[in-house]
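Enquirer: First, the structure itself, so that you have it in front of you.
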Amino acid sequence: QLQLVESGGGSVQAGGSLTLSCTASGSRFRINGMGWYRQIPGNRRDLVAEISIGGSATYGDSAAGRFTISIDNSKNTVTLQMNSLKPEDTGVYYCNADANWSRDNWGQGIQVTVSS
C-alpha cells in the first residue's frame with residue numbers, strides 16, 4: 001500500500017516562503033507523477049501544481065509564477081517551493097500521487113497559514 005508523508009507546512013507572513021515535501025513509500029508501487037492540492041473549509045481540493053516523473057509540470061492559476069514544483073524520482077519525493085506567499089494561499093495542502101493506475105492516493109494534509 002502506498003503511503004504519502006508530507007512535511008514543511010507552518011505559518012508565515014505575507015511575502016514569505018515555505019517549502020513542502022512529500023515522500024512516497026510502501027511496497028509494489030509505480031509512480032507516474034506527484035502533485036499538491038489545496039483545500040479550504042467548505043471547498044473542494046484545487047490543484048496547486050503537479051509534475052510527472054519526466055519533469056513536466058502543471059501549475060494552477062494561483063501558483064503560476066510564484067511556486068516551483070520538483071520531483072526526485074530516486075527518492076520518490078516531490079517538493080513545492082512557495083515564494084511570495086499571500087493570505088489567500090492559506091489552506092490545507094495535500095500531496096497526491098498518480099501511482100498504480102490510480103490518482104486516488106493522498107497524504108494526510110498539512111496546514112499552511114499566511115498572515116497579512
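Identifiers in the C-alpha cells: chain A, B, ... in order shown; residue index from 1 per chain; ligand index from 1 in order shown.
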Compile the contact shell of segment 34-47 of chain A as a short mmCIF file (atom, residue, chain, number, x, y, z; two decimals) with N, CA, C and O atoms, in the first residue's frame: residues with an atom at most 10 Å away, counting only C-alpha atoms, same-chain residues fewer than 6 positions apart removed.
Expert:
data_model
loop_
_atom_site.label_atom_id
_atom_site.label_comp_id
_atom_site.auth_asym_id
_atom_site.auth_seq_id
_atom_site.Cartn_x
_atom_site.Cartn_y
_atom_site.Cartn_z
N LEU A 20 7.29 22.73 0.91
CA LEU A 20 6.59 21.50 1.27
C LEU A 20 7.27 20.32 0.58
O LEU A 20 7.66 20.42 -0.58
N SER A 21 7.37 19.22 1.30
CA SER A 21 7.91 17.99 0.73
C SER A 21 6.97 16.83 1.00
O SER A 21 6.26 16.82 2.01
N CYS A 22 6.99 15.88 0.12
CA CYS A 22 6.16 14.69 0.27
C CYS A 22 6.93 13.50 -0.27
O CYS A 22 7.43 13.53 -1.40
N THR A 23 7.00 12.45 0.54
CA THR A 23 7.72 11.25 0.15
C THR A 23 6.76 10.06 0.12
O THR A 23 5.99 9.86 1.06
N ALA A 24 6.85 9.32 -0.96
CA ALA A 24 6.03 8.13 -1.11
C ALA A 24 6.83 6.91 -0.66
O ALA A 24 8.01 6.78 -0.93
N ILE A 53 6.95 12.13 -13.71
CA ILE A 53 8.29 11.64 -13.43
C ILE A 53 9.28 12.09 -14.50
O ILE A 53 10.48 12.11 -14.25
N ALA A 57 5.68 19.84 -15.68
CA ALA A 57 4.93 20.43 -14.57
C ALA A 57 3.73 21.22 -15.07
O ALA A 57 3.77 21.84 -16.14
N THR A 58 2.68 21.17 -14.26
CA THR A 58 1.48 21.96 -14.49
C THR A 58 1.15 22.72 -13.22
O THR A 58 1.21 22.14 -12.14
N TYR A 59 0.80 24.00 -13.37
CA TYR A 59 0.50 24.83 -12.22
C TYR A 59 -0.93 25.35 -12.28
O TYR A 59 -1.44 25.68 -13.36
N GLY A 60 -1.54 25.44 -11.10
CA GLY A 60 -2.81 26.11 -11.01
C GLY A 60 -2.61 27.61 -11.18
O GLY A 60 -1.50 28.12 -11.04
N ASP A 61 -3.70 28.30 -11.47
CA ASP A 61 -3.61 29.72 -11.76
C ASP A 61 -2.98 30.51 -10.61
O ASP A 61 -2.21 31.45 -10.83
N SER A 62 -3.28 30.12 -9.39
CA SER A 62 -2.79 30.88 -8.24
C SER A 62 -1.30 30.67 -7.99
O SER A 62 -0.65 31.49 -7.35
N ALA A 63 -0.77 29.56 -8.50
CA ALA A 63 0.62 29.21 -8.21
C ALA A 63 1.60 29.67 -9.28
O ALA A 63 2.79 29.84 -9.00
N ILE A 69 7.53 23.43 -8.52
CA ILE A 69 7.43 22.03 -8.12
C ILE A 69 8.57 21.26 -8.75
O ILE A 69 8.98 21.53 -9.89
N SER A 70 9.10 20.30 -8.00
CA SER A 70 10.17 19.46 -8.50
C SER A 70 9.99 18.05 -7.97
O SER A 70 9.29 17.85 -6.97
N ILE A 71 10.61 17.10 -8.62
CA ILE A 71 10.48 15.71 -8.20
C ILE A 71 11.84 15.05 -8.22
O ILE A 71 12.66 15.31 -9.12
N ASN A 76 11.49 9.21 -4.58
CA ASN A 76 10.02 9.26 -4.61
C ASN A 76 9.51 10.46 -3.82
O ASN A 76 8.54 10.35 -3.03
N THR A 77 10.15 11.60 -4.03
CA THR A 77 9.83 12.79 -3.26
C THR A 77 9.50 13.96 -4.19
O THR A 77 10.23 14.21 -5.15
N VAL A 78 8.41 14.64 -3.86
CA VAL A 78 8.03 15.85 -4.59
C VAL A 78 8.16 17.03 -3.64
O VAL A 78 7.85 16.93 -2.45
N THR A 79 8.67 18.13 -4.16
CA THR A 79 8.90 19.33 -3.36
C THR A 79 8.19 20.51 -4.01
O THR A 79 8.22 20.65 -5.24
N LEU A 80 7.55 21.31 -3.18
CA LEU A 80 6.88 22.52 -3.66
C LEU A 80 7.51 23.72 -2.96
O LEU A 80 7.37 23.89 -1.75
N GLU A 88 -4.31 34.43 0.71
CA GLU A 88 -5.21 33.51 0.02
C GLU A 88 -4.57 32.17 -0.31
O GLU A 88 -5.24 31.27 -0.80
N ASP A 89 -3.28 32.01 -0.03
CA ASP A 89 -2.63 30.71 -0.17
C ASP A 89 -2.89 29.82 1.04
O ASP A 89 -2.54 28.64 1.05
N THR A 90 -3.49 30.39 2.07
CA THR A 90 -3.79 29.64 3.28
C THR A 90 -4.71 28.47 3.00
O THR A 90 -5.68 28.60 2.22
N GLY A 91 -4.43 27.34 3.63
CA GLY A 91 -5.27 26.16 3.47
C GLY A 91 -4.53 24.91 3.90
O GLY A 91 -3.38 24.98 4.35
N VAL A 92 -5.19 23.80 3.73
CA VAL A 92 -4.56 22.51 3.96
C VAL A 92 -4.04 21.99 2.61
O VAL A 92 -4.81 21.91 1.65
N TYR A 93 -2.79 21.68 2.58
CA TYR A 93 -2.16 21.21 1.35
C TYR A 93 -2.04 19.69 1.40
O TYR A 93 -1.51 19.14 2.37
N TYR A 94 -2.52 19.05 0.36
CA TYR A 94 -2.50 17.60 0.28
C TYR A 94 -1.57 17.15 -0.83
O TYR A 94 -1.65 17.63 -1.97
N CYS A 95 -0.71 16.21 -0.50
CA CYS A 95 0.11 15.57 -1.51
C CYS A 95 -0.71 14.52 -2.23
O CYS A 95 -1.52 13.82 -1.61
N ASN A 96 -0.50 14.43 -3.52
CA ASN A 96 -1.22 13.45 -4.33
C ASN A 96 -0.22 12.70 -5.21
O ASN A 96 0.76 13.29 -5.69
N ALA A 97 -0.49 11.42 -5.40
CA ALA A 97 0.35 10.63 -6.29
C ALA A 97 -0.50 9.91 -7.31
O ALA A 97 -1.54 9.34 -6.96
N ASP A 98 -0.06 9.97 -8.53
CA ASP A 98 -0.63 9.16 -9.60
C ASP A 98 0.23 7.90 -9.64
O ASP A 98 1.35 7.92 -10.14
N ALA A 99 -0.30 6.84 -9.06
CA ALA A 99 0.50 5.64 -8.90
C ALA A 99 -0.38 4.40 -8.99
O ALA A 99 -1.54 4.44 -8.58
N ARG A 103 -5.21 7.75 -9.31
CA ARG A 103 -4.85 9.08 -8.83
C ARG A 103 -5.40 9.33 -7.43
O ARG A 103 -5.26 10.40 -6.89
N ASN A 105 -4.56 8.70 -4.47
CA ASN A 105 -3.57 8.47 -3.44
C ASN A 105 -3.24 9.80 -2.79
O ASN A 105 -2.73 10.71 -3.46
N TRP A 106 -3.54 9.91 -1.49
CA TRP A 106 -3.45 11.21 -0.81
C TRP A 106 -2.66 11.11 0.48
O TRP A 106 -2.71 10.09 1.19
N GLY A 107 -1.96 12.18 0.80
CA GLY A 107 -1.35 12.31 2.10
C GLY A 107 -2.39 12.78 3.10
O GLY A 107 -3.55 13.00 2.78
N GLY A 109 -2.46 15.59 4.70
CA GLY A 109 -2.69 17.04 4.65
C GLY A 109 -1.79 17.78 5.63
O GLY A 109 -1.48 17.28 6.71
N ILE A 110 -1.42 18.97 5.23
CA ILE A 110 -0.55 19.78 6.07
C ILE A 110 -1.00 21.24 5.97
O ILE A 110 -1.33 21.72 4.90
N GLN A 111 -1.05 21.89 7.12
CA GLN A 111 -1.60 23.25 7.18
C GLN A 111 -0.55 24.28 6.77
O GLN A 111 0.60 24.23 7.22
N VAL A 112 -0.98 25.20 5.93
CA VAL A 112 -0.18 26.38 5.57
C VAL A 112 -1.02 27.61 5.89
O VAL A 112 -2.16 27.72 5.43
#
Enquirer: Running DSSP on the backbone, which parts of segment 20-60 of chain A land in strand (DSSP E or B), as a VMD selection string?
Expert: chain A and resid 20 to 25 31 to 39 46 to 52 57 to 59
Enquirer: Can you measure atom CA of Ala14 of chain A to atom CA of Asn83 of chain A for me? One decimal in Å is fine.
Expert: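 Rounded to one decimal, the two atoms are 9.5 Å apart.
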Enquirer: Can you work out the spacing between atom CA of Glu50 of chain A and atom CA of Asn73 of chain A in Å, to one decimal?
Expert: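 Here the two named atoms are 13.8 Å from each other.
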